[in-house]
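Everything below belongs to work.txt, which stores compact mmCIF, C-alpha atoms.
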```
# COMPACT_ATOMS: atom_id res chain seq x y z
CA MET A 175 -2.79 -1.11 -44.32
CA THR A 176 -6.04 0.65 -43.38
CA THR A 177 -9.45 0.20 -44.99
CA ALA A 178 -11.51 3.18 -46.13
CA LEU A 179 -14.93 3.52 -44.54
CA GLY A 180 -17.76 4.15 -46.98
CA HIS A 181 -20.41 5.62 -44.70
CA PRO A 182 -21.00 9.30 -45.59
CA SER A 183 -20.63 10.45 -41.99
CA LEU A 184 -17.17 8.87 -41.82
CA ARG A 185 -15.92 10.02 -45.21
CA GLY A 186 -12.25 10.79 -45.16
CA ARG A 187 -11.59 8.67 -42.04
CA THR A 188 -9.96 5.27 -41.83
CA ALA A 189 -10.50 2.28 -39.57
CA ALA A 190 -7.97 1.70 -36.81
CA PRO A 191 -5.56 -1.15 -37.48
CA ALA A 192 -6.31 -4.43 -35.70
CA THR A 193 -3.06 -4.21 -33.72
CA ALA A 194 -3.99 -0.78 -32.37
CA ARG A 195 -7.41 -2.10 -31.35
CA ARG A 196 -5.83 -5.01 -29.49
CA LEU A 197 -3.43 -2.69 -27.63
CA ALA A 198 -6.15 -0.20 -26.69
CA MET A 199 -6.66 0.24 -22.96
CA PRO A 200 -9.90 -1.47 -21.90
CA GLY A 201 -12.73 0.50 -20.34
CA VAL A 202 -13.45 4.23 -20.46
CA ALA A 203 -11.29 7.12 -19.30
CA THR A 204 -13.44 8.44 -16.45
CA ALA A 205 -12.67 11.54 -14.39
CA ARG A 206 -11.96 9.28 -11.39
CA PHE A 207 -9.33 7.44 -13.44
CA TRP A 208 -7.45 10.62 -14.35
CA ILE A 209 -7.69 12.08 -10.85
CA LEU A 210 -6.24 8.96 -9.23
CA ALA A 211 -3.56 8.60 -11.92
CA SER A 212 -2.52 12.22 -11.39
CA ILE A 213 -2.34 11.86 -7.60
CA VAL A 214 -0.22 8.71 -7.76
CA THR A 215 2.08 10.23 -10.40
CA VAL A 216 2.67 13.33 -8.26
CA LEU A 217 3.35 11.26 -5.13
CA ASN A 218 5.87 9.11 -6.99
CA MET A 219 7.62 12.17 -8.40
CA ILE A 220 7.93 13.59 -4.89
CA GLY A 221 9.13 10.19 -3.68
CA ILE A 222 11.89 9.92 -6.26
CA LEU A 223 13.04 13.48 -5.54
CA MET A 224 13.10 12.84 -1.78
CA VAL A 225 14.90 9.49 -2.11
CA ILE A 226 17.55 11.14 -4.30
CA SER A 227 18.08 13.81 -1.65
CA SER A 228 17.72 11.78 1.56
CA SER A 229 19.81 8.81 0.42
CA SER A 230 22.77 10.73 -1.03
CA VAL A 231 24.84 10.66 2.18
CA ALA A 232 24.10 6.98 2.86
CA SER A 233 24.91 6.12 -0.78
CA ALA A 234 28.24 7.93 -0.62
CA ARG A 235 29.18 6.11 2.59
CA LEU A 236 28.11 2.74 1.21
CA THR A 237 30.22 3.21 -1.94
CA ASP A 238 33.18 4.82 -0.11
CA GLY A 239 32.45 8.14 -1.74
CA ALA A 240 32.24 6.75 -5.28
CA SER A 241 28.61 7.67 -5.90
CA PRO A 242 25.75 9.42 -4.09
CA TRP A 243 23.24 7.80 -6.47
CA PHE A 244 23.28 4.15 -5.34
CA TYR A 245 19.87 4.10 -3.62
CA ALA A 246 18.41 6.62 -6.09
CA ARG A 247 19.20 4.35 -9.06
CA ARG A 248 17.60 1.40 -7.30
CA GLN A 249 14.48 3.41 -6.49
CA LEU A 250 14.19 4.49 -10.12
CA MET A 251 14.49 0.85 -11.16
CA PHE A 252 11.85 -0.30 -8.66
CA THR A 253 9.51 2.49 -9.73
CA GLY A 254 9.97 1.60 -13.40
CA ILE A 255 9.19 -2.04 -12.71
CA GLY A 256 6.22 -0.97 -10.61
CA PHE A 257 4.73 1.13 -13.40
CA CYS A 258 5.17 -1.78 -15.84
CA VAL A 259 3.25 -4.00 -13.43
CA LEU A 260 0.65 -1.22 -13.05
CA LEU A 261 0.08 -1.30 -16.81
CA VAL A 262 -0.36 -5.08 -16.72
CA MET A 263 -2.94 -4.78 -13.94
CA LEU A 264 -4.66 -2.07 -15.95
CA MET A 265 -4.85 -4.09 -19.15
CA VAL A 266 -5.95 -7.45 -17.69
CA SER A 267 -9.55 -8.03 -16.64
CA VAL A 268 -10.38 -7.78 -12.94
CA GLN A 269 -12.16 -11.12 -13.26
CA PHE A 270 -8.86 -12.75 -14.27
CA TRP A 271 -7.28 -11.75 -10.96
CA ARG A 272 -10.42 -12.94 -9.19
CA ARG A 273 -10.10 -16.42 -10.68
CA TRP A 274 -6.47 -16.61 -9.56
CA ALA A 275 -7.03 -15.18 -6.06
CA TYR A 276 -6.73 -18.45 -4.14
CA PRO A 277 -3.70 -19.85 -5.99
CA MET A 278 -2.02 -16.47 -5.48
CA LEU A 279 -2.80 -16.55 -1.76
CA VAL A 280 -1.38 -20.05 -1.34
CA ALA A 281 1.72 -19.13 -3.35
CA SER A 282 2.26 -15.98 -1.26
CA LEU A 283 2.17 -18.00 1.98
CA VAL A 284 5.16 -20.12 0.93
CA PRO A 285 7.76 -17.30 1.11
CA LEU A 286 6.19 -16.16 4.40
CA VAL A 287 7.18 -19.54 5.81
CA LEU A 288 10.57 -19.63 4.06
CA VAL A 289 11.56 -16.24 5.48
CA LEU A 290 11.47 -17.79 8.98
CA ILE A 291 13.96 -20.54 8.07
CA PRO A 292 17.56 -19.66 9.06
CA GLY A 293 19.78 -19.39 6.01
CA ILE A 294 16.90 -18.48 3.72
CA GLY A 295 15.40 -15.46 5.42
CA ALA A 296 17.54 -12.34 5.66
CA THR A 297 17.62 -10.84 9.17
CA LYS A 298 18.03 -7.14 9.90
CA ASN A 299 17.71 -5.44 13.28
CA GLY A 300 16.43 -8.68 14.81
CA ALA A 301 13.62 -9.15 12.26
CA ALA A 302 13.52 -11.82 9.54
CA ARG A 303 11.35 -10.15 6.91
CA TRP A 304 13.26 -10.59 3.66
CA ILE A 305 14.40 -13.28 1.24
CA ALA A 306 17.65 -12.42 -0.51
CA VAL A 307 17.73 -13.09 -4.27
CA GLY A 308 21.21 -12.01 -5.33
CA PRO A 309 21.50 -8.26 -4.68
CA ILE A 310 17.69 -7.97 -4.39
CA GLN A 311 15.79 -8.53 -1.14
CA LEU A 312 12.11 -9.47 -1.44
CA GLN A 313 9.65 -8.80 1.37
CA PRO A 314 6.95 -11.51 1.24
CA SER A 315 4.56 -9.66 3.55
CA GLU A 316 4.00 -7.06 0.83
CA PHE A 317 2.84 -9.63 -1.72
CA VAL A 318 0.52 -11.44 0.70
CA LYS A 319 -1.47 -8.22 1.29
CA PHE A 320 -2.55 -8.18 -2.34
CA ALA A 321 -3.40 -11.88 -2.56
CA LEU A 322 -5.30 -11.88 0.74
CA LEU A 323 -7.38 -8.89 -0.34
CA LEU A 324 -8.44 -10.61 -3.57
CA ALA A 325 -9.38 -13.80 -1.70
CA VAL A 326 -11.36 -11.98 0.99
CA ALA A 327 -13.23 -9.88 -1.59
CA ASP A 328 -14.16 -13.02 -3.52
CA ILE A 329 -15.39 -14.81 -0.37
CA LEU A 330 -17.62 -11.91 0.64
CA ALA A 331 -18.90 -11.32 -2.91
CA ARG A 332 -19.97 -14.96 -3.22
CA ARG A 333 -21.68 -15.00 0.19
CA GLU A 334 -23.74 -11.86 -0.23
CA ARG A 335 -26.97 -13.55 0.88
CA GLN A 336 -25.30 -15.11 3.96
CA LEU A 337 -23.94 -11.95 5.56
CA ASP A 338 -26.40 -12.14 8.47
CA ASP A 339 -24.77 -15.41 9.60
CA TRP A 340 -21.27 -14.65 10.86
CA ARG A 341 -20.33 -18.33 10.58
CA GLU A 342 -20.86 -18.18 6.82
CA SER A 343 -19.49 -14.70 6.19
CA LEU A 344 -16.94 -13.78 8.86
CA ARG A 345 -15.43 -17.14 9.75
CA PRO A 346 -14.23 -17.97 6.18
CA VAL A 347 -12.45 -14.59 6.19
CA LEU A 348 -10.92 -14.96 9.65
CA ILE A 349 -9.23 -18.29 8.86
CA PRO A 350 -6.82 -16.96 6.16
CA LEU A 351 -6.48 -13.66 8.05
CA VAL A 352 -5.32 -15.37 11.24
CA VAL A 353 -2.88 -17.57 9.31
CA VAL A 354 -1.36 -14.58 7.51
CA CYS A 355 -1.17 -12.43 10.65
CA ALA A 356 0.45 -15.27 12.63
CA LEU A 357 3.15 -15.71 9.98
CA VAL A 358 3.80 -11.97 9.74
CA MET A 359 3.98 -11.62 13.54
CA ALA A 360 6.51 -14.46 13.63
CA GLN A 361 8.98 -12.24 11.73
CA PRO A 362 8.07 -10.11 13.89
CA ASN A 363 6.20 -7.24 12.17
CA LEU A 364 3.39 -5.71 14.20
CA GLY A 365 2.98 -2.66 11.94
CA THR A 366 2.29 -4.73 8.81
CA THR A 367 -0.03 -6.99 10.82
CA ILE A 368 -2.08 -3.97 11.88
CA ILE A 369 -2.34 -2.78 8.27
CA ILE A 370 -3.44 -6.21 7.02
CA ALA A 371 -6.04 -6.62 9.77
CA THR A 372 -7.41 -3.09 9.24
CA MET A 373 -7.65 -3.63 5.48
CA VAL A 374 -9.57 -6.89 5.85
CA MET A 375 -11.89 -5.62 8.59
CA THR A 376 -12.71 -2.53 6.50
CA VAL A 377 -13.68 -4.75 3.57
CA VAL A 378 -15.78 -6.97 5.85
CA TRP A 379 -17.57 -3.94 7.32
CA VAL A 380 -18.31 -2.43 3.89
CA ALA A 381 -19.56 -5.82 2.67
CA GLY A 382 -22.34 -5.65 5.27
CA VAL A 383 -21.37 -8.11 8.01
CA LYS A 384 -23.18 -7.32 11.27
CA VAL A 385 -21.49 -4.87 13.62
CA LEU A 386 -21.70 -7.04 16.76
CA PRO A 387 -19.47 -9.92 15.54
CA LEU A 388 -17.14 -7.36 13.98
CA GLY A 389 -16.89 -5.56 17.31
CA VAL A 390 -16.10 -8.81 19.12
CA VAL A 391 -13.36 -9.65 16.62
CA GLY A 392 -11.97 -6.11 16.86
CA ALA A 393 -11.89 -6.24 20.66
CA CYS A 394 -10.12 -9.62 20.62
CA ALA A 395 -7.60 -8.34 18.07
CA ALA A 396 -6.90 -5.24 20.16
CA ALA A 397 -6.38 -7.39 23.26
CA VAL A 398 -3.96 -9.67 21.42
CA ALA A 399 -2.06 -6.67 20.03
CA GLY A 400 -1.83 -5.24 23.55
CA LEU A 401 -0.39 -8.51 24.84
CA PHE A 402 2.21 -8.52 22.06
CA VAL A 403 3.23 -5.02 23.12
CA LEU A 404 3.35 -5.75 26.85
CA LEU A 405 5.16 -9.09 26.56
CA GLU A 406 7.85 -7.90 24.13
CA PRO A 407 10.41 -5.59 25.82
CA PHE A 408 11.34 -3.55 22.73
CA ARG A 409 7.67 -2.84 21.89
CA LEU A 410 6.99 -1.84 25.49
CA ARG A 411 9.96 0.54 25.38
CA ARG A 412 8.57 2.09 22.21
CA LEU A 413 5.19 2.59 23.87
CA LEU A 414 6.78 4.22 26.94
CA ALA A 415 8.93 6.43 24.73
CA PHE A 416 5.78 7.54 22.89
CA LEU A 417 4.05 8.40 26.16
CA ASP A 418 7.08 10.43 27.29
CA PRO A 419 8.97 11.47 24.13
CA ARG A 420 11.42 13.75 25.96
CA GLY A 421 12.33 11.16 28.58
CA ASP A 422 14.18 8.78 26.24
CA LEU A 423 15.62 10.90 23.44
CA GLY A 424 18.96 9.17 23.68
CA ASN A 425 17.56 5.66 23.17
CA VAL A 426 14.20 4.47 21.79
CA GLY A 427 12.95 8.03 21.31
CA TYR A 428 16.03 9.09 19.36
CA GLN A 429 14.49 8.74 15.88
CA THR A 430 11.37 10.67 16.81
CA GLY A 431 13.48 13.40 18.41
CA GLN A 432 15.64 13.79 15.31
CA ALA A 433 12.53 13.84 13.13
CA MET A 434 11.16 16.67 15.25
CA ILE A 435 14.43 18.56 14.77
CA GLY A 436 14.06 18.10 11.02
CA PHE A 437 10.52 19.50 11.04
CA ALA A 438 11.65 22.43 13.21
CA ASN A 439 14.52 23.19 10.82
CA GLY A 440 12.14 23.23 7.86
CA GLY A 441 9.91 26.03 9.06
CA TRP A 442 7.18 27.15 6.69
CA PHE A 443 8.95 26.81 3.36
CA GLY A 444 11.83 24.41 4.05
CA ARG A 445 15.59 24.64 3.72
CA GLY A 446 15.49 23.59 0.06
CA VAL A 447 15.85 20.25 -1.71
CA GLY A 448 19.15 18.58 -0.82
CA ARG A 449 19.84 20.81 2.18
CA SER A 450 18.59 18.57 4.98
CA THR A 451 20.88 18.32 7.99
CA VAL A 452 19.38 15.31 9.82
CA LYS A 453 20.18 13.00 6.89
CA TRP A 454 23.90 13.39 7.70
CA GLY A 455 23.85 10.39 10.02
CA TYR A 456 21.60 11.94 12.67
CA LEU A 457 18.33 10.30 11.54
CA PRO A 458 18.41 6.53 10.89
CA TYR A 459 16.33 5.32 7.94
CA ALA A 460 16.12 8.87 6.61
CA PHE A 461 15.25 7.58 3.12
CA ASN A 462 12.91 4.82 4.29
CA ASP A 463 10.53 4.86 7.28
CA PHE A 464 11.40 8.46 8.30
CA ILE A 465 11.52 10.09 4.88
CA PHE A 466 8.54 12.27 5.81
CA ALA A 467 10.87 14.13 8.20
CA ILE A 468 13.13 14.95 5.23
CA VAL A 469 10.06 16.21 3.37
CA GLY A 470 9.30 18.50 6.32
CA GLU A 471 12.86 19.80 6.58
CA GLU A 472 13.54 20.38 2.88
CA LEU A 473 10.04 21.37 1.70
CA GLY A 474 8.79 22.89 4.94
CA LEU A 475 5.37 22.76 6.54
CA LEU A 476 3.73 23.59 3.23
CA GLY A 477 5.43 20.65 1.52
CA ALA A 478 4.46 18.25 4.33
CA VAL A 479 0.86 19.47 4.25
CA PHE A 480 0.81 19.02 0.47
CA VAL A 481 1.81 15.36 0.89
CA ILE A 482 -0.87 14.87 3.56
CA VAL A 483 -3.51 16.45 1.34
CA ALA A 484 -2.39 14.27 -1.59
CA PHE A 485 -2.93 11.11 0.45
CA LEU A 486 -6.32 12.38 1.65
CA ALA A 487 -7.22 13.00 -1.99
CA PHE A 488 -6.07 9.46 -2.79
CA ILE A 489 -8.44 8.08 -0.13
CA LEU A 490 -11.36 10.15 -1.43
CA ALA A 491 -10.64 9.11 -5.03
CA GLY A 492 -10.44 5.45 -4.01
CA ALA A 493 -13.75 5.68 -2.13
CA SER A 494 -15.39 7.32 -5.14
CA ILE A 495 -14.06 4.59 -7.45
CA ALA A 496 -15.41 1.93 -5.08
CA MET A 497 -18.89 3.47 -5.05
CA ALA A 498 -18.94 3.54 -8.86
CA ALA A 499 -17.55 0.00 -9.36
CA GLU A 500 -19.41 -2.24 -11.80
CA ASP A 501 -19.83 -5.25 -9.46
CA ARG A 502 -19.59 -6.21 -5.82
CA PHE A 503 -16.18 -7.87 -6.08
CA SER A 504 -14.65 -4.78 -7.70
CA LEU A 505 -16.23 -2.57 -5.04
CA LEU A 506 -14.70 -4.59 -2.21
CA VAL A 507 -11.28 -4.72 -3.86
CA ALA A 508 -11.31 -0.94 -4.37
CA VAL A 509 -12.25 -0.43 -0.71
CA GLY A 510 -9.46 -2.76 0.40
CA ILE A 511 -6.76 -1.08 -1.70
CA THR A 512 -7.85 2.36 -0.50
CA ALA A 513 -7.87 1.26 3.15
CA TRP A 514 -4.51 -0.54 2.81
CA LEU A 515 -2.54 2.35 1.29
CA GLY A 516 -4.45 5.06 3.14
CA VAL A 517 -4.00 3.49 6.59
CA GLN A 518 -0.33 2.78 5.90
CA ALA A 519 0.30 6.40 4.89
CA ILE A 520 -1.51 7.71 7.98
CA MET A 521 0.41 5.34 10.27
CA ASN A 522 3.78 6.33 8.82
CA MET A 523 3.15 10.07 9.06
CA ALA A 524 1.73 9.67 12.57
CA VAL A 525 4.87 7.82 13.69
CA VAL A 526 7.24 10.38 12.18
CA THR A 527 5.37 13.29 13.78
CA GLY A 528 5.29 11.57 17.18
CA ALA A 529 1.51 10.99 17.18
CA MET A 530 1.90 7.20 17.30
CA PRO A 531 4.48 4.69 18.65
CA LEU A 532 7.13 3.39 16.26
CA THR A 533 5.79 0.72 13.90
CA GLY A 534 8.36 0.47 11.10
CA VAL A 535 6.10 0.84 8.04
CA PRO A 536 7.21 2.86 4.97
CA LEU A 537 5.34 5.77 3.40
CA PRO A 538 3.68 4.48 0.18
CA PHE A 539 5.15 5.78 -3.10
CA ILE A 540 7.66 8.00 -1.27
CA SER A 541 9.86 5.79 0.96
CA PHE A 542 12.71 3.81 -0.55
CA GLY A 543 11.77 0.19 -1.15
CA GLY A 544 11.56 -2.52 -3.79
CA SER A 545 8.82 -4.99 -2.89
CA ALA A 546 6.60 -2.31 -1.37
CA GLN A 547 6.94 0.05 -4.35
CA ILE A 548 6.15 -2.67 -6.89
CA VAL A 549 3.18 -4.11 -5.00
CA ASN A 550 1.76 -0.66 -4.18
CA LEU A 551 1.82 0.31 -7.85
CA ALA A 552 0.31 -3.05 -8.81
CA ALA A 553 -2.56 -2.35 -6.40
CA VAL A 554 -3.01 1.12 -7.90
CA GLY A 555 -3.11 -0.47 -11.35
CA LEU A 556 -6.02 -2.67 -10.30
CA LEU A 557 -7.76 0.33 -8.73
CA LEU A 558 -7.34 2.28 -11.97
CA ASN A 559 -8.73 -0.73 -13.86
CA ILE A 560 -11.84 -0.62 -11.67
CA ALA A 561 -12.12 3.13 -12.27
CA ARG A 562 -12.25 2.50 -16.04
CA HIS A 563 -15.22 0.13 -15.64
CA PRO A 564 -17.92 2.11 -13.79
CA ALA A 565 -21.40 0.70 -13.26
CA GLU A 566 -24.55 2.01 -14.85
CA THR A 567 -26.65 1.24 -11.77
CA THR A 568 -26.81 3.26 -8.57
CA PRO A 569 -24.38 2.46 -5.75
CA ARG A 570 -27.21 1.20 -3.49
CA ARG A 571 -28.44 -1.36 -6.02
CA ARG A 572 -24.91 -2.39 -6.92
CA LEU A 573 -23.90 -3.07 -3.31
CA ARG A 574 -26.68 -5.62 -2.98
CA SER A 575 -26.49 -7.04 -6.51
CA VAL A 576 -25.12 -10.42 -7.43
CA PRO A 577 -21.79 -10.11 -9.31
CA THR A 578 -21.66 -11.23 -12.89
CA GLY A 579 -18.84 -12.50 -15.05
CA ARG A 580 -16.78 -15.63 -15.44
CA GLY A 581 -15.42 -15.45 -11.89
CA ALA A 582 -18.86 -15.20 -10.20
CA ARG A 583 -21.17 -17.87 -8.85
CA PRO A 584 -24.77 -17.65 -7.73
```

Can you present the structure in this file as structure tokens?
Amino acid sequence: MTTALGHPSLRGRTAAPATARRLAMPGVATARFWILASIVTVLNMIGILMVISSSSVASARLTDGASPWFYARRQLMFTGIGFCVLLVMLMVSVQFWRRWAYPMLVASLVPLVLVLIPGIGATKNGAARWIAVGPIQLQPSEFVKFALLLAVADILARRERQLDDWRESLRPVLIPLVVVCALVMAQPNLGTTIIIATMVMTVVWVAGVKVLPLGVVGACAAAVAGLFVLLEPFRLRRLLAFLDPRGDLGNVGYQTGQAMIGFANGGWFGRGVGRSTVKWGYLPYAFNDFIFAIVGEELGLLGAVFVIVAFLAFILAGASIAMAAEDRFSLLVAVGITAWLGVQAIMNMAVVTGAMPLTGVPLPFISFGGSAQIVNLAAVGLLLNIARHPAETTPRRRLRSVPTGRGARP
């Protein structure tokens, strides 16, 4: 039952029920919030449409012709769960996730270790990256990205006045980063390791750590990555196939070659949704890592460019949200989420178009996947939460200000 308001200016209106007030979304609906929400919604709609189309042949073969919707139904389920998690991240205070950053990081390391134990970790194509839970396979490396980002942002936010000393600012970040990267590389998964390292180093750079120690760490990381490529035969073959894409089209360069055929078939306007030819067994992982080739074939160059522009708009929106964040921790988290999803999208599209060696990372919001889809949407939920809580101070003052709130310390 509502209560009438007696003030003359509010005559005829009623107070909102207490339940409605409790369920109201916190913060304010800024333009940045609606722009980011629209971009992510459009990308997910394209993703569902492309998964339905690109997975139909594989679904029919998996079910012996019974249904072409097997993978499509699963993607719809994962997306639904992801949007529910997005709403949770949107409704819960950012400071809550900050307080739980370290327990979440420790908890996320446990499955990273378990996935390496025979009998627990599920192996596919020589890589042990999943833990099977009934019909569902969880990918622990996706969850650790989120937890590591929260922990790193908290470390750097607390040590704002110690950024000039790399021992106090960079070393506490490198310890968990090296542990996580070592466990991910043990799977092995170089592509995800690159994304995690890039995300963390971007956050460290934005936080204000001196360039010289960052450059040293970056050079060491590049050298280690180069050794991993040179000492592992299959990675070396991928690099050589990238350098000479036409020289190995029947082996390591096969996927890239088929992707190029798909783009060529698409022309300017595409063959039409559902009319891809390379998905008929010619292109492996057509609905996962190489789904961008299906976008190019069915939606044409214009459709592929639209997806590229949408991800560029996502990066710009994320950067704008970061600059308007209400405290230093939120700023660093927004930067990390933007770098994580933006770099992953760029890497995937570069691989599919032959501009980068094969890495095996999916295209956010568009590729088929369970763990990745849920975690990506959870990260977007936190980014939208930050967008609804802009600061009143200028970006310059906020970057150097001490964070406030229950999760902050002097």

- Counting only C-alpha atoms, which residues come within 12 Å of (-6.8, 6.9, -5.2), with the point read in the file's coordinates, and could you list them as a PyMOL selection string? chain A and resi 205-217+484-496+508-516+550-551+553-561

Could you name the residues that touch Leu364 of chain A at 9 Å or less, counting all atoms listed in the file, but leaving out those on the same chain fewer than 6 positions away, as a JSON list (two decimals) with C-alpha atoms, keeping the file's coordinate frame?
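Result saved to out-v9.json:
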```
[["chain", "number", "residue", "atom", "x", "y", "z"],
["A", 355, "CYS", "CA", -1.17, -12.43, 10.65],
["A", 358, "VAL", "CA", 3.80, -11.97, 9.74],
["A", 399, "ALA", "CA", -2.06, -6.67, 20.03],
["A", 402, "PHE", "CA", 2.21, -8.52, 22.06],
["A", 403, "VAL", "CA", 3.23, -5.02, 23.12],
["A", 533, "THR", "CA", 5.79, 0.72, 13.90],
["A", 534, "GLY", "CA", 8.36, 0.47, 11.10]]
```

- Message: Need to verify the contact set: Asp338 of chain A, 12 Å, all atoms listed in the file, exclusion of same-chain residues closer than 5 positions in sequence. Can you return it as a list in words?
- Response: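 That gives Leu330, Arg333, Ser343, Leu344, Ala381, Gly382, Val383, Lys384, Val385, Leu386, Pro387 and Leu388 of chain A.
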
- Query: Can you list, as a list of chain:residue names, every protein, DNA or RNA residue that comes within 12 Å of Leu250 of chain A when you count all atoms listed in the file, leaving out same-chain residues fewer than 3 positions away?
  - Reply: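 Counting all atoms listed in the file, the residues come to A:Asn218, A:Met219, A:Gly221, A:Ile222, A:Leu223, A:Met224, A:Val225, A:Ile226, A:Trp243, A:Phe244, A:Tyr245, A:Ala246, A:Arg247, A:Thr253, A:Gly254, A:Ile255, A:Gly256, A:Phe257, A:Phe539, A:Ile540, A:Ser541, A:Phe542, A:Gly543, A:Gly544, A:Gln547, A:Ile548.
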
Write out the residues from the selection above, keeping C-alpha atoms, as an mmCIF file, in the frame of the given file.
```cif
data_model
loop_
_atom_site.group_PDB
_atom_site.id
_atom_site.type_symbol
_atom_site.label_atom_id
_atom_site.label_comp_id
_atom_site.auth_asym_id
_atom_site.auth_seq_id
_atom_site.Cartn_x
_atom_site.Cartn_y
_atom_site.Cartn_z
ATOM 1 C CA ASN A 218 5.870 9.110 -6.990
ATOM 2 C CA MET A 219 7.620 12.170 -8.400
ATOM 3 C CA GLY A 221 9.130 10.190 -3.680
ATOM 4 C CA ILE A 222 11.890 9.920 -6.260
ATOM 5 C CA LEU A 223 13.040 13.480 -5.540
ATOM 6 C CA MET A 224 13.100 12.840 -1.780
ATOM 7 C CA VAL A 225 14.900 9.490 -2.110
ATOM 8 C CA ILE A 226 17.550 11.140 -4.300
ATOM 9 C CA TRP A 243 23.240 7.800 -6.470
ATOM 10 C CA PHE A 244 23.280 4.150 -5.340
ATOM 11 C CA TYR A 245 19.870 4.100 -3.620
ATOM 12 C CA ALA A 246 18.410 6.620 -6.090
ATOM 13 C CA ARG A 247 19.200 4.350 -9.060
ATOM 14 C CA THR A 253 9.510 2.490 -9.730
ATOM 15 C CA GLY A 254 9.970 1.600 -13.400
ATOM 16 C CA ILE A 255 9.190 -2.040 -12.710
ATOM 17 C CA GLY A 256 6.220 -0.970 -10.610
ATOM 18 C CA PHE A 257 4.730 1.130 -13.400
ATOM 19 C CA PHE A 539 5.150 5.780 -3.100
ATOM 20 C CA ILE A 540 7.660 8.000 -1.270
ATOM 21 C CA SER A 541 9.860 5.790 0.960
ATOM 22 C CA PHE A 542 12.710 3.810 -0.550
ATOM 23 C CA GLY A 543 11.770 0.190 -1.150
ATOM 24 C CA GLY A 544 11.560 -2.520 -3.790
ATOM 25 C CA GLN A 547 6.940 0.050 -4.350
ATOM 26 C CA ILE A 548 6.150 -2.670 -6.890
#
```

- Message: Using only C-alpha atoms, which protein or nucleic acid residues come within 7 Å of segment 465-477 of chain A? Drop anything in the same chain fewer than 2 positions from it, and give the result as a VMD selection string.
- Response: chain A and resid 224 228 433 436 to 437 439 to 450 460 to 463 479 to 481 523 526 541

Pull C-alpha atoms from the residues just selected and write them as a short mmCIF file (atom, residue, chain, number, x, y, z; two decimals), in the frame of the given file.
```
data_model
loop_
_atom_site.label_atom_id
_atom_site.label_comp_id
_atom_site.auth_asym_id
_atom_site.auth_seq_id
_atom_site.Cartn_x
_atom_site.Cartn_y
_atom_site.Cartn_z
CA MET A 224 13.10 12.84 -1.78
CA SER A 228 17.72 11.78 1.56
CA ALA A 433 12.53 13.84 13.13
CA GLY A 436 14.06 18.10 11.02
CA PHE A 437 10.52 19.50 11.04
CA ASN A 439 14.52 23.19 10.82
CA GLY A 440 12.14 23.23 7.86
CA GLY A 441 9.91 26.03 9.06
CA TRP A 442 7.18 27.15 6.69
CA PHE A 443 8.95 26.81 3.36
CA GLY A 444 11.83 24.41 4.05
CA ARG A 445 15.59 24.64 3.72
CA GLY A 446 15.49 23.59 0.06
CA VAL A 447 15.85 20.25 -1.71
CA GLY A 448 19.15 18.58 -0.82
CA ARG A 449 19.84 20.81 2.18
CA SER A 450 18.59 18.57 4.98
CA ALA A 460 16.12 8.87 6.61
CA PHE A 461 15.25 7.58 3.12
CA ASN A 462 12.91 4.82 4.29
CA ASP A 463 10.53 4.86 7.28
CA VAL A 479 0.86 19.47 4.25
CA PHE A 480 0.81 19.02 0.47
CA VAL A 481 1.81 15.36 0.89
CA MET A 523 3.15 10.07 9.06
CA VAL A 526 7.24 10.38 12.18
CA SER A 541 9.86 5.79 0.96
#
```
